[in-house]
>>> print(open('data28.cif').read())   # mmCIF, C-alpha atoms and all ligand atoms
data_entry
loop_
_atom_site.label_atom_id
_atom_site.label_comp_id
_atom_site.auth_asym_id
_atom_site.auth_seq_id
_atom_site.Cartn_x
_atom_site.Cartn_y
_atom_site.Cartn_z
CA MET A 16 109.37 98.04 109.31
CA SER A 17 107.96 94.53 109.42
CA LYS A 18 108.45 91.99 106.63
CA THR A 19 105.08 91.14 105.14
CA PRO A 20 104.40 87.45 104.44
CA SER A 21 103.71 86.02 100.97
CA ARG A 22 101.39 83.22 99.93
CA GLY A 23 100.36 81.34 96.79
CA MET A 24 97.01 82.68 95.60
CA GLY A 25 94.27 80.89 93.79
CA PRO A 26 91.75 78.10 94.12
CA GLU A 27 92.64 75.19 96.40
CA TYR A 28 92.34 72.71 93.51
CA ARG A 29 95.27 74.32 91.70
CA PRO A 30 98.68 72.80 92.52
CA GLU A 31 100.86 75.04 94.70
CA GLU A 32 103.39 75.69 91.91
CA GLN A 33 100.65 77.11 89.67
CA ARG A 34 99.54 79.69 92.19
CA PRO A 35 100.95 83.20 91.81
CA ILE A 36 102.62 84.58 94.92
CA ALA A 37 101.12 87.65 96.56
CA THR A 38 102.02 89.62 99.65
CA VAL A 39 99.40 89.07 102.33
CA SER A 40 98.56 90.82 105.57
CA THR A 41 100.81 90.80 108.59
CA GLU A 42 99.21 89.12 111.60
CA VAL A 43 98.50 91.24 114.66
CA PRO A 44 98.73 89.23 117.89
CA HIS A 45 95.69 90.80 119.49
CA PRO A 46 92.36 89.04 120.03
CA ASN A 47 90.30 92.06 119.01
CA VAL A 48 92.10 92.79 115.73
CA HIS A 49 90.37 90.80 112.97
CA VAL A 50 91.99 90.77 109.54
CA LEU A 51 89.72 89.76 106.65
CA SER A 52 90.52 86.38 105.17
CA GLN A 53 93.27 86.92 102.58
CA THR A 54 91.33 85.46 99.66
CA PRO A 55 92.36 85.87 96.00
CA GLN A 56 89.35 88.15 95.56
CA LEU A 57 90.34 90.49 98.39
CA ILE A 58 93.97 90.58 97.26
CA ALA A 59 92.89 91.37 93.68
CA LEU A 60 90.67 94.22 94.90
CA LEU A 61 93.46 95.61 97.08
CA THR A 62 95.89 95.33 94.17
CA MET A 63 93.56 97.53 92.10
CA ILE A 64 93.27 100.30 94.68
CA ARG A 65 96.98 100.23 95.58
CA ASP A 66 97.98 100.70 91.92
CA VAL A 67 99.14 104.27 91.22
CA ASN A 68 97.76 103.88 87.66
CA THR A 69 94.20 103.09 88.78
CA ASN A 70 91.91 105.97 87.82
CA ARG A 71 89.46 107.57 90.22
CA ALA A 72 86.35 105.77 88.91
CA ASP A 73 88.01 102.37 89.37
CA PHE A 74 89.47 103.41 92.74
CA ILE A 75 85.95 104.22 93.97
CA PHE A 76 84.45 101.05 92.51
CA TYR A 77 87.03 98.66 93.97
CA SER A 78 87.24 100.49 97.30
CA ASN A 79 83.47 100.17 97.60
CA ARG A 80 83.70 96.43 97.06
CA ILE A 81 86.24 96.10 99.90
CA ILE A 82 84.18 98.39 102.12
CA ARG A 83 81.20 96.13 101.54
CA LEU A 84 83.24 93.10 102.66
CA LEU A 85 84.36 95.00 105.77
CA VAL A 86 80.82 96.01 106.70
CA GLU A 87 79.47 92.48 106.18
CA GLU A 88 82.27 91.05 108.34
CA GLY A 89 81.86 93.83 110.91
CA LEU A 90 78.19 92.94 111.32
CA ASN A 91 79.24 89.40 112.29
CA HIS A 92 80.73 90.92 115.44
CA LEU A 93 77.40 92.25 116.69
CA PRO A 94 75.30 90.10 119.03
CA VAL A 95 72.23 88.27 117.78
CA VAL A 96 69.23 86.70 119.50
CA GLN A 97 67.20 83.62 118.67
CA HIS A 98 64.51 84.34 116.06
CA THR A 99 62.18 81.61 114.85
CA ILE A 100 60.00 82.26 111.81
CA ASN A 101 57.54 80.33 109.63
CA THR A 102 58.36 79.78 105.97
CA PRO A 103 55.72 79.85 103.17
CA VAL A 104 55.65 76.02 103.17
CA GLY A 105 54.37 76.01 106.74
CA ILE A 106 57.54 74.88 108.48
CA SER A 107 59.30 76.84 111.15
CA TYR A 108 62.94 77.78 110.91
CA SER A 109 65.06 78.74 113.88
CA GLY A 110 67.35 81.55 112.99
CA VAL A 111 68.65 84.72 114.57
CA LYS A 112 68.21 88.46 114.32
CA PHE A 113 70.38 91.34 115.38
CA GLU A 114 70.06 92.55 118.93
CA GLY A 115 70.39 96.21 119.75
CA LYS A 116 70.64 99.42 117.78
CA ILE A 117 73.60 100.51 115.74
CA CYS A 118 74.93 103.68 114.18
CA GLY A 119 77.91 104.64 112.04
CA VAL A 120 80.43 107.36 112.82
CA SER A 121 82.80 108.46 110.07
CA ILE A 122 86.11 110.19 110.68
CA MET A 123 86.11 113.00 108.10
CA ARG A 124 86.89 113.15 105.30
CA ALA A 125 88.18 109.75 104.19
CA GLY A 126 85.82 107.87 106.52
CA GLU A 127 82.83 109.41 104.77
CA ALA A 128 83.73 107.26 101.76
CA MET A 129 82.67 104.24 103.83
CA GLU A 130 79.20 105.57 104.68
CA GLN A 131 77.47 104.29 101.55
CA GLY A 132 78.77 100.75 102.14
CA LEU A 133 77.24 100.86 105.61
CA ARG A 134 73.95 102.25 104.26
CA ASP A 135 73.84 99.51 101.63
CA CYS A 136 73.82 96.89 104.40
CA CYS A 137 71.90 98.73 107.13
CA ARG A 138 68.90 100.59 105.74
CA SER A 139 68.36 104.11 107.15
CA VAL A 140 71.27 103.73 109.59
CA ARG A 141 72.11 106.91 111.51
CA ILE A 142 75.57 108.25 110.77
CA GLY A 143 77.49 110.74 112.90
CA LYS A 144 80.69 112.56 111.97
CA ILE A 145 83.93 113.49 113.68
CA LEU A 146 86.49 115.90 112.22
CA ILE A 147 90.03 115.53 113.54
CA GLN A 148 92.98 117.28 111.96
CA ARG A 149 96.64 117.59 112.71
CA ASP A 150 97.46 120.73 114.67
CA GLU A 151 100.15 122.51 112.65
CA ASP A 152 101.93 123.78 115.80
CA THR A 153 101.98 120.61 117.89
CA ALA A 154 101.71 117.99 115.08
CA GLN A 155 99.18 116.24 117.35
CA PRO A 156 95.64 115.34 116.23
CA ARG A 157 93.04 117.91 117.30
CA LEU A 158 89.25 117.58 117.46
CA PHE A 159 87.53 120.23 115.33
CA TYR A 160 83.93 119.03 115.11
CA ASP A 161 81.58 116.23 116.08
CA LYS A 162 77.92 115.62 115.35
CA LEU A 163 76.62 112.35 116.78
CA PRO A 164 73.21 110.71 117.33
CA GLU A 165 71.80 111.86 120.69
CA ASP A 166 71.24 108.33 121.95
CA ILE A 167 74.66 107.11 120.83
CA ALA A 168 75.43 105.71 124.29
CA GLN A 169 72.66 103.13 123.71
CA ARG A 170 74.00 102.04 120.32
CA TYR A 171 76.72 99.83 118.91
CA VAL A 172 78.98 102.18 116.98
CA LEU A 173 80.67 101.29 113.70
CA LEU A 174 83.56 103.73 113.47
CA LEU A 175 84.71 104.29 109.88
CA ASP A 176 88.19 105.28 108.69
CA PRO A 177 89.92 103.60 105.73
CA MET A 178 93.55 104.21 106.76
CA LEU A 179 95.00 103.53 110.24
CA ALA A 180 98.48 105.08 110.17
CA THR A 181 99.76 106.05 113.64
CA GLY A 182 96.37 105.50 115.27
CA GLY A 183 96.25 109.08 116.63
CA SER A 184 93.00 110.16 114.95
CA ALA A 185 91.23 106.86 115.54
CA LEU A 186 92.18 106.93 119.23
CA MET A 187 90.91 110.49 119.56
CA ALA A 188 87.65 109.51 117.84
CA VAL A 189 87.25 106.59 120.26
CA GLN A 190 87.81 109.01 123.15
CA VAL A 191 85.01 111.25 121.82
CA LEU A 192 82.69 108.21 121.78
CA LEU A 193 83.75 107.11 125.28
CA ASP A 194 83.11 110.67 126.56
CA LYS A 195 79.58 110.43 125.14
CA GLY A 196 79.03 107.28 127.21
CA VAL A 197 79.54 104.60 124.54
CA PRO A 198 81.05 101.53 126.27
CA GLU A 199 84.42 100.58 124.76
CA ASP A 200 83.27 97.07 123.89
CA ARG A 201 80.40 98.49 121.81
CA ILE A 202 82.73 100.17 119.36
CA LEU A 203 83.72 98.40 116.14
CA PHE A 204 86.39 100.06 114.02
CA LEU A 205 86.20 99.30 110.28
CA ASN A 206 89.39 99.96 108.32
CA LEU A 207 90.85 99.08 104.91
CA ILE A 208 94.59 99.26 105.54
CA ALA A 209 96.45 99.58 108.85
CA SER A 210 100.12 99.97 109.64
CA PRO A 211 101.41 97.37 112.13
CA GLU A 212 102.47 100.11 114.57
CA GLY A 213 99.07 101.85 114.25
CA ALA A 214 97.15 98.61 114.80
CA GLU A 215 99.35 97.70 117.78
CA ASN A 216 99.11 101.18 119.34
CA PHE A 217 95.34 101.23 118.89
CA ALA A 218 94.77 97.71 120.23
CA ARG A 219 97.01 98.35 123.26
CA LYS A 220 95.27 101.60 124.24
CA VAL A 221 91.65 100.58 123.60
CA PRO A 222 91.80 96.77 123.85
CA LYS A 223 88.03 96.27 123.98
CA VAL A 224 87.36 98.05 120.68
CA ARG A 225 87.08 95.46 117.92
CA VAL A 226 89.04 96.25 114.77
CA VAL A 227 88.04 94.74 111.44
CA THR A 228 90.63 95.51 108.78
CA ALA A 229 91.30 94.23 105.27
CA PHE A 230 95.10 94.35 105.54
CA VAL A 231 97.91 95.16 107.95
CA ASP A 232 100.71 96.59 105.83
CA GLN A 233 104.49 96.82 106.17
CA GLY A 234 104.93 100.09 108.07
CA LEU A 235 105.03 103.88 107.87
CA ASP A 236 107.30 106.23 105.93
CA ASP A 237 108.80 109.44 107.35
CA LYS A 238 105.61 111.36 106.49
CA ASN A 239 103.46 108.77 108.27
CA TYR A 240 102.05 107.37 105.03
CA ILE A 241 101.35 103.65 105.16
CA VAL A 242 103.72 101.60 102.96
CA PRO A 243 103.26 100.12 100.49
CA GLY A 244 99.78 101.57 101.16
CA LEU A 245 97.81 103.35 98.46
CA GLY A 246 98.69 107.03 98.94
CA ASP A 247 96.13 109.50 100.26
CA PHE A 248 92.80 107.68 100.34
CA GLY A 249 90.69 110.86 100.56
CA ASP A 250 92.46 112.47 97.61
CA ARG A 251 92.14 109.37 95.46
CA PHE A 252 88.45 108.86 96.33
CA TYR A 253 87.29 112.48 96.15
CA THR A 254 89.59 114.69 94.12
CA MET A 255 92.31 113.04 92.05
N1 LIG A 301 95.94 108.42 105.36
C1 LIG A 301 95.98 108.10 104.04
O1 LIG A 301 95.10 108.46 103.28
N2 LIG A 301 97.02 107.36 103.61
C2 LIG A 301 98.01 106.92 104.41
O2 LIG A 301 98.92 106.25 103.94
C3 LIG A 301 97.94 107.27 105.78
C4 LIG A 301 96.89 108.02 106.23
#
>>> encode(input="data28.cif", output="structure tokens", more="lines below")
Ligand code: URA
Amino acid sequence: MSKTPSRGMGPEYRPEEQRPIATVSTEVPHPNVHVLSQTPQLIALLTMIRDVNTNRADFIFYSNRIIRLLVEEGLNHLPVVQHTINTPVGISYSGVKFEGKICGVSIMRAGEAMEQGLRDCCRSVRIGKILIQRDEDTAQPRLFYDKLPEDIAQRYVLLLDPMLATGGSALMAVQVLLDKGVPEDRILFLNLIASPEGAENFARKVPKVRVVTAFVDQGLDDKNYIVPGLGDFGDRFYTM
């Protein structure tokens, strides 16, 4: 299990000794794994959802705020083209607009919790679903169901799953997308918390998929829960 680094948190203008120390994300030495900037705001939001005493309403609220940050950052990884417009004062402004079509694909059921955050940023975005569960006999992930936009091969795909533990389900979901003709470098995986071994395994096997995660944690326990983690994301978001 890796040792997670710590850092003084708080505004830059505060002297170092007045900044409380927080554990921050482990770095992953892979060019396509992007960890959100470890700002005081992000760490405070993560602290809320990690807390065993946080109730379900707060868990949903604070998770949604992190999901929003992930989606906004994820969109920065999509290509843009030059777009010049005129403003109401009669002056032109050279800006950009997104190039190409996108869709979301959630890995059920926890990934479905990220769909609203995507919809909030991308109006009327199409969202497909993939259901992968652990086969009780083999302990390996098994594909049970997928329903994806027909033209998915022509889209950038934002794959949604909040927890990346061993990487088994996410890798199987990527394989489903590749089999449908989606080029590997058009897949963007949005994730709240990853284990270092899961992130490493994923990045090694599908190196062209971009990962945007809020935090790479310490490791996995003997039941493959991420530690310190937050427990079962789906249970805390939907049923607890
Ligand atoms: N899925 C979860 O919900 N939590 C973990 O810690 C690992 C996988």
>>> residues_around(input="data28.cif", residues="Asn47 of chain A", least_positions_apart="5", cutoff="10 Å", atoms="all atoms listed in the file", output="list in words")
Asp200, Leu203, Ala218, Val221, Pro222, Lys223, Val224, Arg225, Val226 and Val227 of chain A
>>> closest_residue(input="data28.cif", among="A:Val172, A:Tyr240, A:Thr62, A:Leu186", to="Glu215 of chain A", atoms="all atoms listed in the file")
A:Leu186
>>> residues_around(input="data28.cif", residues="Val242 of chain A", least_positions_apart="5", cutoff="6 Å", atoms="only C-alpha atoms", output="NGL selection string")
:A and (233-235)
>>> residues_near_point(input="data28.cif", point="(83.4, 91.2, 113.9)", cutoff="10 Å", atoms="all atoms listed in the file", output="MDAnalysis selection string")
chainID A and resid 47:51 85:94 203:205 225:228
>>> residues_around(input="data28.cif", residues="segment 245-253 of chain A", least_positions_apart="5", cutoff="10 Å", atoms="only C-alpha atoms", output="PyMOL selection string")
chain A and resi 61-67+69-76+78+123-128+176-178+207-208+240
>>> residues_around(input="data28.cif", residues="Thr19 of chain A", least_positions_apart="4", cutoff="12 Å", atoms="all atoms listed in the file", output="list in words")
Ala37, Thr38, Val39, Ser40, Thr41, Glu42, Val43, Ser210, Pro211, Phe230, Val231, Asp232, Gln233, Gly234, Val242 and Pro243 of chain A
>>> atom_distance(input="data28.cif", atom1="atom CA of Gln53 of chain A", atom2="atom CA of Asn79 of chain A")
17.2 Å
>>> residues_around(input="data28.cif", residues="Pro26 of chain A", least_positions_apart="2", cutoff="12 Å", atoms="all atoms listed in the file", output="ChimeraX atom specification")
/A:23-24,28-31,33-35,54-56
>>> closest_residue(input="data28.cif", among="A:Leu179, A:Phe159, A:Arg219, A:Met187", to="ligand LIG 301 (chain A)", atoms="all atoms listed in the file")
A:Leu179
